file structure34.txt (compact mmCIF, C-alpha atoms (C1' of nucleotides))
# COMPACT_ATOMS: atom_id res chain seq x y z
CA MET A 438 -3.83 2.22 -31.82
CA THR A 439 -5.95 2.57 -28.76
CA GLY A 440 -3.23 2.15 -26.20
CA SER A 441 -0.86 4.68 -27.71
CA ARG A 442 -2.92 7.69 -26.66
CA ARG A 443 -3.15 6.32 -23.19
CA ASP A 444 0.57 5.63 -23.07
CA HIS A 445 1.45 9.05 -24.37
CA LEU A 446 -0.85 10.68 -21.86
CA MET A 447 0.82 8.79 -19.05
CA GLU A 448 4.28 9.75 -20.26
CA VAL A 449 3.44 13.44 -20.37
CA ALA A 450 1.70 13.23 -17.01
CA ARG A 451 4.70 11.50 -15.47
CA ASP A 452 7.09 14.16 -16.74
CA LEU A 453 4.94 16.97 -15.42
CA PHE A 454 4.38 15.26 -12.07
CA MET A 455 8.14 14.87 -11.76
CA GLU A 456 8.83 18.49 -12.56
CA HIS A 457 6.00 20.27 -10.75
CA GLY A 458 4.61 17.75 -8.32
CA PHE A 459 1.19 16.15 -8.23
CA HIS A 460 -0.95 18.85 -6.67
CA GLY A 461 1.02 21.39 -8.66
CA THR A 462 0.13 19.84 -11.99
CA GLY A 463 -3.37 20.50 -13.25
CA ILE A 464 -5.20 18.22 -15.62
CA ASP A 465 -5.62 20.93 -18.21
CA ARG A 466 -1.88 21.36 -18.47
CA ILE A 467 -1.29 17.64 -18.89
CA LEU A 468 -3.91 17.47 -21.60
CA GLY A 469 -2.59 20.57 -23.32
CA GLU A 470 0.98 19.29 -23.47
CA ALA A 471 -0.14 15.83 -24.47
CA GLY A 472 -2.39 17.19 -27.19
CA VAL A 473 -5.25 15.08 -25.94
CA SER A 474 -8.77 15.97 -24.94
CA LYS A 475 -10.45 15.61 -21.59
CA LYS A 476 -12.73 13.01 -23.04
CA THR A 477 -9.81 10.70 -23.73
CA LEU A 478 -8.47 11.14 -20.23
CA TYR A 479 -11.76 10.28 -18.60
CA THR A 480 -12.47 7.31 -20.82
CA HIS A 481 -9.14 5.78 -19.82
CA PHE A 482 -9.06 6.86 -16.18
CA ARG A 483 -11.77 7.35 -13.62
CA SER A 484 -10.07 10.34 -12.00
CA LYS A 485 -6.82 12.22 -11.66
CA ASP A 486 -5.94 10.03 -8.68
CA GLU A 487 -6.31 6.97 -10.83
CA LEU A 488 -4.06 8.52 -13.45
CA ILE A 489 -1.46 9.28 -10.77
CA LEU A 490 -1.55 5.72 -9.52
CA ALA A 491 -1.31 4.31 -13.03
CA VAL A 492 1.66 6.57 -13.76
CA LEU A 493 3.44 5.46 -10.61
CA LYS A 494 2.88 1.76 -11.28
CA GLN A 495 3.97 2.10 -14.90
CA HIS A 496 7.07 3.99 -13.86
CA ASP A 497 7.76 1.45 -11.14
CA SER A 498 8.08 -1.35 -13.62
CA ALA A 499 9.63 0.55 -16.54
CA PHE A 500 12.22 2.59 -14.68
CA ARG A 501 13.17 -0.15 -12.27
CA ASN A 502 13.66 -2.72 -15.01
CA SER A 503 15.73 -0.25 -17.00
CA PHE A 504 17.82 0.51 -13.94
CA MET A 505 18.44 -3.15 -13.13
CA ARG A 506 19.24 -4.00 -16.72
CA GLN A 507 21.77 -1.19 -16.96
CA VAL A 508 23.47 -2.31 -13.77
CA GLU A 509 23.69 -5.87 -14.97
CA GLN A 510 25.05 -4.81 -18.33
CA LYS A 511 27.85 -2.82 -16.75
CA SER A 512 29.55 -5.94 -15.58
CA SER A 513 29.05 -9.65 -15.22
CA GLU A 514 31.11 -9.69 -12.06
CA PRO A 515 28.73 -9.55 -9.06
CA ARG A 516 31.03 -7.42 -6.99
CA ASP A 517 31.47 -4.87 -9.78
CA ARG A 518 27.74 -4.72 -10.21
CA LEU A 519 27.42 -3.40 -6.68
CA MET A 520 29.56 -0.44 -7.63
CA ALA A 521 27.89 -0.14 -11.02
CA ILE A 522 24.70 0.89 -9.23
CA PHE A 523 26.24 4.28 -8.72
CA ASP A 524 27.51 4.60 -12.27
CA VAL A 525 23.99 4.06 -13.50
CA ALA A 526 22.70 6.51 -10.91
CA GLU A 527 25.23 9.08 -12.08
CA ALA A 528 24.00 8.83 -15.67
CA TRP A 529 20.45 9.20 -14.37
CA PHE A 530 21.30 12.34 -12.40
CA ASP A 531 22.95 13.87 -15.44
CA ALA A 532 19.86 13.50 -17.58
CA PRO A 533 18.44 16.90 -18.52
CA ASN A 534 15.07 16.12 -16.98
CA PHE A 535 16.23 14.75 -13.65
CA PHE A 536 13.97 15.92 -10.86
CA GLY A 537 14.71 13.35 -8.21
CA CYS A 538 12.81 10.16 -7.51
CA VAL A 539 9.14 10.53 -8.31
CA PHE A 540 8.27 8.12 -5.50
CA ILE A 541 10.12 10.13 -2.89
CA ASN A 542 8.43 13.25 -4.21
CA ALA A 543 5.05 11.53 -4.09
CA VAL A 544 5.45 10.58 -0.44
CA GLY A 545 6.20 14.22 0.31
CA GLU A 546 2.75 15.11 -0.98
CA TYR A 547 0.78 12.11 0.25
CA SER A 548 1.48 11.33 3.86
CA ALA A 549 -1.47 9.09 4.70
CA GLU A 550 -0.01 5.67 5.37
CA ASP A 551 -2.67 3.29 4.10
CA THR A 552 -3.07 4.71 0.67
CA PRO A 553 -2.56 3.29 -2.83
CA VAL A 554 0.06 5.92 -3.60
CA ARG A 555 2.03 5.17 -0.47
CA SER A 556 1.85 1.44 -1.13
CA ALA A 557 3.16 1.94 -4.65
CA CYS A 558 6.09 3.94 -3.29
CA ARG A 559 6.90 1.40 -0.61
CA ASP A 560 6.70 -1.41 -3.15
CA TYR A 561 9.08 0.37 -5.48
CA LYS A 562 11.64 1.04 -2.79
CA LYS A 563 11.40 -2.49 -1.48
CA GLN A 564 12.05 -3.93 -4.91
CA ILE A 565 15.05 -1.71 -5.48
CA THR A 566 16.46 -2.73 -2.13
CA ASP A 567 15.72 -6.38 -2.84
CA PHE A 568 17.55 -6.06 -6.13
CA ILE A 569 20.63 -4.69 -4.39
CA ILE A 570 20.46 -7.39 -1.74
CA ARG A 571 20.26 -9.94 -4.54
CA LEU A 572 23.42 -8.49 -6.06
CA ALA A 573 25.11 -8.72 -2.68
CA LYS A 574 24.03 -12.34 -2.37
CA ASP A 575 25.40 -13.11 -5.82
CA ALA A 576 28.66 -11.55 -4.74
CA ASP A 577 28.79 -13.93 -1.78
CA VAL A 578 29.24 -11.34 0.90
CA LYS A 579 28.72 -12.50 4.44
CA GLU A 580 25.66 -10.46 5.29
CA PRO A 581 24.02 -9.50 2.02
CA LYS A 582 20.99 -7.90 3.68
CA VAL A 583 23.19 -5.61 5.72
CA LEU A 584 25.21 -4.49 2.74
CA GLY A 585 22.12 -4.21 0.58
CA ASP A 586 20.36 -1.99 3.07
CA GLN A 587 23.46 0.15 3.43
CA LEU A 588 23.94 0.62 -0.30
CA SER A 589 20.25 1.27 -0.70
CA LEU A 590 20.53 4.02 1.87
CA LEU A 591 23.47 5.49 0.01
CA LEU A 592 21.51 5.43 -3.21
CA GLU A 593 18.57 7.26 -1.66
CA GLY A 594 20.92 9.79 -0.14
CA ALA A 595 22.63 10.31 -3.47
CA ILE A 596 19.33 10.82 -5.27
CA VAL A 597 18.18 13.43 -2.79
CA THR A 598 21.52 15.20 -2.61
CA ALA A 599 21.77 15.28 -6.41
CA GLN A 600 18.28 16.73 -6.51
CA VAL A 601 18.67 19.34 -3.80
CA SER A 602 22.32 20.29 -3.75
CA ASP A 603 25.02 18.95 -5.97
CA LYS A 604 25.16 15.99 -8.35
CA GLU A 605 28.91 15.62 -8.40
CA GLN A 606 29.24 15.70 -4.66
CA ALA A 607 26.43 13.21 -4.34
CA VAL A 608 27.97 10.77 -6.79
CA TRP A 609 31.46 11.07 -5.41
CA ALA A 610 30.40 10.63 -1.80
CA ALA A 611 28.19 7.69 -2.71
CA LYS A 612 30.87 5.92 -4.70
CA SER A 613 33.56 6.42 -2.11
CA ALA A 614 31.29 5.29 0.71
CA ALA A 615 30.02 2.33 -1.29
CA SER A 616 33.56 1.26 -1.97
CA VAL A 617 34.37 1.26 1.73
CA LEU A 618 31.19 -0.58 2.67
CA ILE A 619 31.64 -3.21 -0.04
CA ASP A 620 35.24 -3.81 0.90
CA LYS A 621 34.19 -4.16 4.50
CA ALA A 622 31.42 -6.58 3.57
CA PHE A 623 34.00 -8.81 1.94
CA GLN A 624 35.55 -8.71 5.38
CA GLY A 625 39.12 -8.71 4.24
CA TYR A 626 39.92 -6.06 6.77
CA VAL A 627 41.55 -6.15 10.13
CA LYS A 628 42.22 -3.32 12.43
CA VAL A 629 45.77 -2.10 12.71
CA ALA A 630 46.89 0.17 15.48
CA MET B 811 1.84 40.24 21.76
CA THR B 812 2.04 41.04 18.09
CA GLY B 813 4.62 38.45 17.12
CA SER B 814 2.86 35.55 18.79
CA ARG B 815 0.05 35.39 16.25
CA ARG B 816 2.57 35.46 13.46
CA ASP B 817 4.65 32.76 15.13
CA HIS B 818 1.66 30.56 15.78
CA LEU B 819 0.50 30.95 12.21
CA MET B 820 3.91 29.89 10.96
CA GLU B 821 3.96 26.86 13.23
CA VAL B 822 0.59 25.65 12.06
CA ALA B 823 1.52 26.34 8.44
CA ARG B 824 4.76 24.43 8.82
CA ASP B 825 3.00 21.40 10.30
CA LEU B 826 0.44 21.35 7.51
CA PHE B 827 3.04 21.86 4.80
CA MET B 828 4.97 18.93 6.23
CA GLU B 829 1.96 16.67 6.33
CA HIS B 830 0.19 17.58 3.12
CA GLY B 831 2.72 19.42 1.03
CA PHE B 832 2.70 23.03 -0.11
CA HIS B 833 0.34 22.94 -3.06
CA GLY B 834 -1.81 20.50 -1.14
CA THR B 835 -2.33 22.87 1.78
CA GLY B 836 -4.78 25.69 1.19
CA ILE B 837 -4.65 28.97 3.03
CA ASP B 838 -8.14 28.53 4.43
CA ARG B 839 -7.12 25.33 6.14
CA ILE B 840 -4.06 26.91 7.69
CA LEU B 841 -6.12 29.82 8.97
CA GLY B 842 -8.84 27.53 10.24
CA GLU B 843 -6.47 25.35 12.22
CA ALA B 844 -4.52 28.33 13.49
CA GLY B 845 -7.70 30.12 14.55
CA VAL B 846 -6.56 33.23 12.76
CA SER B 847 -8.23 35.39 10.15
CA LYS B 848 -7.17 36.11 6.62
CA LYS B 849 -6.56 39.68 7.55
CA THR B 850 -3.84 38.69 9.98
CA LEU B 851 -2.17 36.49 7.38
CA TYR B 852 -2.05 39.21 4.79
CA THR B 853 -0.89 41.90 7.17
CA HIS B 854 2.10 39.75 8.13
CA PHE B 855 2.83 38.22 4.71
CA ARG B 856 2.43 39.53 1.22
CA SER B 857 1.38 36.18 -0.23
CA LYS B 858 1.28 32.46 0.41
CA ASP B 859 4.67 32.14 -1.26
CA GLU B 860 6.10 34.60 1.21
CA LEU B 861 4.60 32.60 4.06
CA ILE B 862 6.15 29.44 2.65
CA LEU B 863 9.55 31.05 2.43
CA ALA B 864 9.29 32.47 5.93
CA VAL B 865 8.31 29.06 7.28
CA LEU B 866 11.27 27.42 5.57
CA LYS B 867 13.75 29.99 6.85
CA GLN B 868 12.36 29.82 10.36
CA HIS B 869 12.50 26.05 10.33
CA ASP B 870 15.99 26.14 8.88
CA SER B 871 17.34 27.98 11.87
CA ALA B 872 15.17 26.45 14.59
CA PHE B 873 15.34 22.81 13.58
CA ARG B 874 18.96 22.90 12.57
CA ASN B 875 20.07 24.53 15.80
CA SER B 876 18.06 22.04 17.79
CA PHE B 877 19.57 19.18 15.85
CA MET B 878 23.13 20.40 16.32
CA ARG B 879 22.61 21.10 19.99
CA GLN B 880 21.23 17.62 20.58
CA VAL B 881 24.18 16.03 18.81
CA GLU B 882 26.65 18.05 20.84
CA GLN B 883 24.89 17.21 24.07
CA LYS B 884 25.05 13.48 23.39
CA SER B 885 28.78 13.45 23.90
CA SER B 886 31.76 15.73 24.28
CA GLU B 887 33.95 13.29 22.43
CA PRO B 888 34.18 14.42 18.77
CA ARG B 889 34.23 10.92 17.40
CA ASP B 890 31.15 9.90 19.38
CA ARG B 891 29.36 12.96 18.13
CA LEU B 892 29.66 11.66 14.60
CA MET B 893 27.72 8.58 15.61
CA ALA B 894 25.37 10.62 17.77
CA ILE B 895 24.02 12.21 14.59
CA PHE B 896 22.09 9.05 13.96
CA ASP B 897 20.82 8.73 17.50
CA VAL B 898 19.33 12.18 17.21
CA ALA B 899 17.93 11.30 13.80
CA GLU B 900 16.36 8.19 15.27
CA ALA B 901 14.52 10.19 17.91
CA TRP B 902 13.36 12.57 15.18
CA PHE B 903 12.00 9.73 13.05
CA ASP B 904 10.11 8.32 16.01
CA ALA B 905 8.26 11.55 16.66
CA PRO B 906 4.53 11.16 16.01
CA ASN B 907 4.50 13.92 13.44
CA PHE B 908 7.49 12.89 11.39
CA PHE B 909 6.84 13.42 7.69
CA GLY B 910 10.35 13.50 6.36
CA CYS B 911 12.48 16.55 5.74
CA VAL B 912 10.39 19.55 4.75
CA PHE B 913 13.20 20.84 2.54
CA ILE B 914 13.41 17.62 0.56
CA ASN B 915 9.65 17.68 0.21
CA ALA B 916 9.76 21.30 -0.92
CA VAL B 917 12.25 20.57 -3.68
CA GLY B 918 9.91 17.84 -4.91
CA GLU B 919 7.26 20.49 -5.49
CA TYR B 920 9.45 23.37 -6.66
CA SER B 921 11.91 22.31 -9.31
CA ALA B 922 12.93 25.69 -10.74
CA GLU B 923 16.57 26.13 -9.83
CA ASP B 924 16.92 29.86 -9.27
CA THR B 925 14.12 30.30 -6.82
CA PRO B 926 13.98 31.50 -3.22
CA VAL B 927 12.54 28.18 -2.08
CA ARG B 928 15.29 26.19 -3.77
CA SER B 929 17.94 28.48 -2.35
CA ALA B 930 16.57 28.03 1.14
CA CYS B 931 16.68 24.25 0.73
CA ARG B 932 20.21 24.27 -0.62
CA ASP B 933 21.32 26.54 2.19
CA TYR B 934 19.83 24.25 4.79
CA LYS B 935 21.45 21.15 3.39
CA LYS B 936 24.78 22.88 3.02
CA GLN B 937 24.74 23.99 6.63
CA ILE B 938 23.89 20.51 7.86
CA THR B 939 26.71 19.06 5.80
CA ASP B 940 29.09 21.76 7.01
CA PHE B 941 28.15 20.93 10.58
CA ILE B 942 28.99 17.28 10.04
CA ILE B 943 32.27 18.18 8.33
CA ARG B 944 33.04 20.38 11.30
CA LEU B 945 32.47 17.43 13.62
CA ALA B 946 34.77 15.36 11.46
CA LYS B 947 37.43 18.05 11.63
CA ASP B 948 37.10 18.18 15.40
CA ALA B 949 37.60 14.45 15.46
CA ASP B 950 40.86 14.87 13.55
CA VAL B 951 40.08 12.47 10.76
CA LYS B 952 42.33 12.65 7.75
CA GLU B 953 39.81 13.85 5.19
CA PRO B 954 36.97 15.48 7.09
CA LYS B 955 35.20 16.69 3.96
CA VAL B 956 35.08 13.19 2.55
CA LEU B 957 33.70 11.68 5.74
CA GLY B 958 31.31 14.59 6.22
CA ASP B 959 29.87 14.23 2.75
CA GLN B 960 29.54 10.49 3.24
CA LEU B 961 27.76 10.77 6.57
CA SER B 962 25.58 13.53 5.19
CA LEU B 963 24.56 11.22 2.37
CA LEU B 964 23.74 8.51 4.90
CA LEU B 965 21.63 10.94 6.88
CA GLU B 966 19.64 11.97 3.82
CA GLY B 967 19.16 8.36 2.86
CA ALA B 968 17.99 7.51 6.36
CA ILE B 969 15.50 10.37 6.38
CA VAL B 970 13.98 9.31 3.09
CA THR B 971 13.96 5.62 3.93
CA ALA B 972 12.36 6.32 7.31
CA GLN B 973 9.73 8.41 5.56
CA VAL B 974 8.93 6.04 2.72
CA SER B 975 9.63 2.57 4.01
CA ASP B 976 10.87 1.63 7.43
CA LYS B 977 12.31 3.66 10.28
CA GLU B 978 14.08 0.82 12.02
CA GLN B 979 15.74 -0.41 8.88
CA ALA B 980 16.78 3.12 8.04
CA VAL B 981 18.33 3.75 11.42
CA TRP B 982 20.07 0.42 11.62
CA ALA B 983 21.54 0.61 8.16
CA ALA B 984 22.66 4.19 8.73
CA LYS B 985 24.32 3.43 12.05
CA SER B 986 26.10 0.33 10.81
CA ALA B 987 27.30 2.09 7.67
CA ALA B 988 28.35 5.17 9.61
CA SER B 989 30.34 3.03 11.97
CA VAL B 990 32.25 1.46 9.11
CA LEU B 991 32.88 4.78 7.39
CA ILE B 992 34.02 6.48 10.58
CA ASP B 993 36.37 3.64 11.43
CA LYS B 994 37.74 3.80 7.92
CA ALA B 995 38.21 7.54 8.17
CA PHE B 996 40.36 7.00 11.21
CA GLN B 997 42.37 4.95 8.75
CA GLY B 998 43.32 2.19 11.08
CA TYR B 999 42.55 -0.36 8.42
CA VAL B 1000 44.67 -2.28 5.98
CA LYS B 1001 43.62 -4.89 3.52
CA VAL B 1002 44.38 -8.49 4.36
CA ALA B 1003 44.21 -11.41 1.99
C1' DA C 1264 -12.42 56.38 30.13
C1' DC C 1265 -11.21 57.28 25.31
C1' DG C 1266 -8.99 56.78 20.99
C1' DA C 1267 -6.29 54.00 18.02
C1' DA C 1268 -4.76 49.85 16.38
C1' DA C 1269 -5.36 44.93 15.75
C1' DG C 1270 -7.92 41.36 14.44
C1' DG C 1271 -12.19 38.45 13.56
C1' DA C 1272 -16.12 37.36 10.31
C1' DA C 1273 -17.66 37.26 6.04
C1' DA C 1274 -18.72 38.80 1.54
C1' DC C 1275 -16.61 39.27 -2.72
C1' DA C 1276 -13.66 38.88 -7.00
C1' DG C 1277 -11.28 36.34 -10.21
C1' DA C 1278 -8.68 32.50 -11.27
C1' DT C 1279 -8.12 27.58 -11.47
C1' DC C 1280 -9.31 23.00 -10.28
C1' DT C 1281 -11.71 18.38 -11.36
C1' DG C 1282 -15.13 16.26 -13.80
C1' DT C 1283 -19.43 16.07 -17.17
C1' DT C 1284 -21.77 16.77 -21.22
C1' DT C 1285 -22.78 18.18 -25.85
C1' DC C 1286 -21.79 18.64 -30.48
C1' DC C 1287 -19.04 17.95 -34.31
C1' DT C 1288 -15.21 15.98 -37.03
C1' DT C 1289 -12.54 12.35 -38.71
C1' DG C 1290 -10.83 8.05 -39.83
C1' DG C 1291 -11.19 3.16 -40.31
C1' DC C 1292 -13.68 -0.95 -41.89
C1' DG C 1293 -17.19 -3.70 -43.96
C1' DC D 1038 -19.69 4.33 -50.36
C1' DG D 1039 -21.62 4.51 -45.84
C1' DC D 1040 -21.70 3.67 -41.09
C1' DC D 1041 -19.99 3.99 -36.62
C1' DA D 1042 -16.81 4.46 -32.99
C1' DA D 1043 -13.11 7.46 -31.21
C1' DG D 1044 -11.72 11.59 -30.11
C1' DG D 1045 -11.31 16.81 -30.34
C1' DA D 1046 -13.32 21.42 -28.90
C1' DA D 1047 -15.65 23.77 -25.82
C1' DA D 1048 -19.29 24.96 -22.77
C1' DC D 1049 -20.66 24.05 -18.30
C1' DA D 1050 -21.04 22.92 -13.26
C1' DG D 1051 -19.44 23.12 -8.80
C1' DA D 1052 -15.78 23.26 -5.80
C1' DT D 1053 -11.64 25.42 -4.15
C1' DC D 1054 -7.87 28.49 -4.52
C1' DT D 1055 -5.51 33.14 -3.50
C1' DG D 1056 -6.18 37.65 -2.32
C1' DT D 1057 -9.13 42.13 -1.18
C1' DT D 1058 -12.36 44.68 1.16
C1' DT D 1059 -15.84 45.99 4.45
C1' DC D 1060 -17.69 46.20 8.83
C1' DC D 1061 -17.60 45.38 13.50
C1' DT D 1062 -15.50 43.99 17.97
C1' DT D 1063 -11.92 43.74 21.17
C1' DT D 1064 -8.08 45.29 23.51
C1' DC D 1065 -4.50 48.10 25.07
C1' DG D 1066 -1.96 52.29 26.11
C1' DT D 1067 -2.33 56.90 27.80
call {"tool": "encode", "arguments": {"input": "structure34.txt", "output": "structure tokens"}}
result
Amino acid sequence: MTGSRRDHLMEVARDLFMEHGFHGTGIDRILGEAGVSKKTLYTHFRSKDELILAVLKQHDSAFRNSFMRQVEQKSSEPRDRLMAIFDVAEAWFDAPNFFGCVFINAVGEYSAEDTPVRSACRDYKKQITDFIIRLAKDADVKEPKVLGDQLSLLLEGAIVTAQVSDKEQAVWAAKSAASVLIDKAFQGYVKVA
Amino acid sequence: MTGSRRDHLMEVARDLFMEHGFHGTGIDRILGEAGVSKKTLYTHFRSKDELILAVLKQHDSAFRNSFMRQVEQKSSEPRDRLMAIFDVAEAWFDAPNFFGCVFINAVGEYSAEDTPVRSACRDYKKQITDFIIRLAKDADVKEPKVLGDQLSLLLEGAIVTAQVSDKEQAVWAAKSAASVLIDKAFQGYVKVA
DNA sequence: ACGAAAGGAAACAGATCTGTTTCCTTGGCG
DNA sequence: CGCCAAGGAAACAGATCTGTTTCCTTTCGT
């Protein structure tokens, strides 16, 4: 089992990065909580920065796939899947170790534009948005990109609001707004007086 | 001028915290860029944490008041002011030194709930949301709290999206979604077909 | 002009950070 | 059994961090 130490190290590192940030999490603490020695860290990763990047890329694929799968399992009806995004988000927010989106948090600490970390964060967000646009396309709305971008914005807003202020308010506002935007995107509305 | 050194120090600190985060910004760098000695820092503030908190509270009042004033100056029509939120946000995003919302970034680094930093961030967000709800009330929509929470969510989402991915997409999606939600809140819509 | 206060420069202390190296243990496989 | 690679423990180096202290200069009010 050579990969299991590496995987475990990355899991612990990810959890600590989420909770205390990247600059706020020292290597010694990661190693201590992972029960792993410095030697192991530096045989698997060149530096802390490389560990950070590896954690982000791993989380990108694992979390995103889990998120998409959960949304798709909520319903087979494309339109319902658009709303299911926020049910899945709600469950995520309610997890005991929810500390917001690690990519959003990362960008708050690394502002330089042309940087591996920033690229990883942009990639993640783009793929989430693309997934939502895909759902909108499957639902045959008129302008799937418009709706996808709107729902994506709502999701980001909900994540941040759940993190900073209030999870229930975030979920409720997101769901009610999403409902209005989705209905509108199906364009069955006409103004009355 | 005794307060001017203190004010200047806080300005420089705020800019660096925004760009590089709180743990990522050392005191020496702040002092170097502010052209101020350590002695001055520690006569005005007990610790770096106290400086951080002072910066957040100062920014809370200054930025928030500026934001609200700009929105109110955009129009005297309550309904237009709701949309004006996103015009003001757009100008903010386009500023050369836009690095997202410092309060969102702070929460990414300080996760402990019962903490002065977290309280300051919650307070800020609550006051922004209350301001938007107030605008909604002035516009005489049926459920101002619902619309206020929705628009607040859109604003947060736009901030984060502008920071991580794309300013134009963020602004466009926010404005189009806000328009739909505001129209809906004026309840002149009825489902057809 | 004189005294007091403010602040700059810099040394210093002690902690913590990343990263390297050394030495020893342990466990797996031929 | 015996060998060897993997990894733990810990010392170590060098940088950087927060915070204190000392000494000297400047400046401002009376």
call {"tool": "residues_around", "arguments": {"input": "structure34.txt", "residues": "Leu591 (chain A)", "least_positions_apart": "3", "cutoff": "12 Å", "atoms": "only C-alpha atoms (C1' of nucleotides)", "output": "ChimeraX atom specification"}}
result
/A:519-520,522-523,526,566,569,584-588,594-599,607-619 /B:959-971,980,983-984,987-988,991
call {"tool": "residues_around", "arguments": {"input": "structure34.txt", "residues": "region 1270-1275 of chain C", "least_positions_apart": "4", "cutoff": "8 Å", "atoms": "only C-alpha atoms (C1' of nucleotides)", "output": "list in words"}}
result
Val846, Ser847, Lys849 and Thr850 of chain B; DT1058 and DT1062 of chain D
call {"tool": "atom_distance", "arguments": {"input": "structure34.txt", "atom1": "CA of Val927 (chain B)", "atom2": "CA of Asn534 (chain A)"}}
result
19.3 Å
call {"tool": "residues_around", "arguments": {"input": "structure34.txt", "residues": "DA1048 (chain D)", "least_positions_apart": "3", "cutoff": "12 Å", "atoms": "only C-alpha atoms (C1' of nucleotides)", "output": "PyMOL selection string"}}
result
chain C and resi 1283-1286
call {"tool": "axis_aligned_box", "arguments": {"input": "structure34.txt", "around": "region 527-543 of chain A", "padding_each_side": "8 Å", "output": "AutoDock Vina command-line options"}}
result
--center_x 15.1 --center_y 12.5 --center_z -10.7 --size_x 36.2 --size_y 24.8 --size_z 31.6
call {"tool": "atom_distance", "arguments": {"input": "structure34.txt", "atom1": "CA of Phe873 (chain B)", "atom2": "CA of Asp897 (chain B)"}}
result
15.6 Å
call {"tool": "closest_residue", "arguments": {"input": "structure34.txt", "among": "A:Lys511, A:Lys475, A:Lys563, A:Arg483", "to": "DA1046 (chain D)", "atoms": "only C-alpha atoms (C1' of nucleotides)"}}
result
A:Lys475
call {"tool": "closest_residue", "arguments": {"input": "structure34.txt", "among": "A:Asp452, A:Gly458, A:Glu550, A:Leu478", "to": "chain C", "atoms": "only C-alpha atoms (C1' of nucleotides)"}}
result
A:Leu478
call {"tool": "residues_around", "arguments": {"input": "structure34.txt", "residues": "Phe913 (chain B)", "least_positions_apart": "5", "cutoff": "9 Å", "atoms": "all atoms listed in the file", "output": "ChimeraX atom specification"}}
result
/A:601 /B:866,870,918,927-928,930-932,934-935
call {"tool": "write_last_selection", "arguments": {"input": "structure34.txt", "atoms": "C-alpha atoms", "output": "short mmCIF file (atom, residue, chain, number, x, y, z; two decimals), keeping the file's coordinate frame"}}
result
data_model
loop_
_atom_site.label_atom_id
_atom_site.label_comp_id
_atom_site.auth_asym_id
_atom_site.auth_seq_id
_atom_site.Cartn_x
_atom_site.Cartn_y
_atom_site.Cartn_z
CA VAL A 601 18.67 19.34 -3.80
CA LEU B 866 11.27 27.42 5.57
CA ASP B 870 15.99 26.14 8.88
CA GLY B 918 9.91 17.84 -4.91
CA VAL B 927 12.54 28.18 -2.08
CA ARG B 928 15.29 26.19 -3.77
CA ALA B 930 16.57 28.03 1.14
CA CYS B 931 16.68 24.25 0.73
CA ARG B 932 20.21 24.27 -0.62
CA TYR B 934 19.83 24.25 4.79
CA LYS B 935 21.45 21.15 3.39
#
call {"tool": "closest_residue", "arguments": {"input": "structure34.txt", "among": "A:Tyr547, A:Thr480, A:Phe623, A:Val449", "to": "DA1043 (chain D)", "atoms": "only C-alpha atoms (C1' of nucleotides)"}}
result
A:Thr480
call {"tool": "closest_atom_pairs", "arguments": {"input": "structure34.txt", "of": "chain D", "to": "chain B", "cutoff": "12 Å", "atoms": "only C-alpha atoms (C1' of nucleotides)", "output": "JSON lines"}}
result
{"residue": "D:DT1053", "atom": "C1'", "partner": "B:Gly836", "partner_atom": "CA", "distance": 8.7}
{"residue": "D:DC1054", "atom": "C1'", "partner": "B:Gly836", "partner_atom": "CA", "distance": 7.1}
{"residue": "D:DT1055", "atom": "C1'", "partner": "B:Ile837", "partner_atom": "CA", "distance": 7.8}
{"residue": "D:DG1056", "atom": "C1'", "partner": "B:Ser857", "partner_atom": "CA", "distance": 8.0}
{"residue": "D:DT1057", "atom": "C1'", "partner": "B:Lys849", "partner_atom": "CA", "distance": 9.4}
{"residue": "D:DT1058", "atom": "C1'", "partner": "B:Lys849", "partner_atom": "CA", "distance": 10.0}
{"residue": "D:DT1059", "atom": "C1'", "partner": "B:Lys849", "partner_atom": "CA", "distance": 11.6}
{"residue": "D:DT1064", "atom": "C1'", "partner": "B:Met811", "partner_atom": "CA", "distance": 11.3}
{"residue": "D:DC1065", "atom": "C1'", "partner": "B:Met811", "partner_atom": "CA", "distance": 10.6}
call {"tool": "write_last_selection", "arguments": {"input": "structure34.txt", "atoms": "C-alpha atoms (C1' of nucleotides)", "output": "PDB file, in the frame of the given file"}}
result
ATOM      1  C1'  DT D1053     -11.640  25.420  -4.150  1.00  0.00           C
ATOM      2  C1'  DC D1054      -7.870  28.490  -4.520  1.00  0.00           C
ATOM      3  C1'  DT D1055      -5.510  33.140  -3.500  1.00  0.00           C
ATOM      4  C1'  DG D1056      -6.180  37.650  -2.320  1.00  0.00           C
ATOM      5  C1'  DT D1057      -9.130  42.130  -1.180  1.00  0.00           C
ATOM      6  C1'  DT D1058     -12.360  44.680   1.160  1.00  0.00           C
ATOM      7  C1'  DT D1059     -15.840  45.990   4.450  1.00  0.00           C
ATOM      8  C1'  DT D1064      -8.080  45.290  23.510  1.00  0.00           C
ATOM      9  C1'  DC D1065      -4.500  48.100  25.070  1.00  0.00           C
TER      10       DC D1065
END
call {"tool": "interface_residues", "arguments": {"input": "structure34.txt", "of": "chain C", "to": "chain A", "cutoff": "9 Å", "atoms": "all atoms listed in the file", "output": "list in words"}}
result
DT1279, DC1280, DT1281 and DG1282 of chain C
call {"tool": "residues_around", "arguments": {"input": "structure34.txt", "residues": "Pro515 (chain A)", "least_positions_apart": "2", "cutoff": "6 Å", "atoms": "all atoms listed in the file", "output": "PyMOL selection string"}}
result
chain A and resi 517-518+575-576
call {"tool": "closest_residue", "arguments": {"input": "structure34.txt", "among": "B:Ser885, B:Met820, B:Leu826, B:Val898", "to": "chain A", "atoms": "only C-alpha atoms"}}
result
B:Leu826
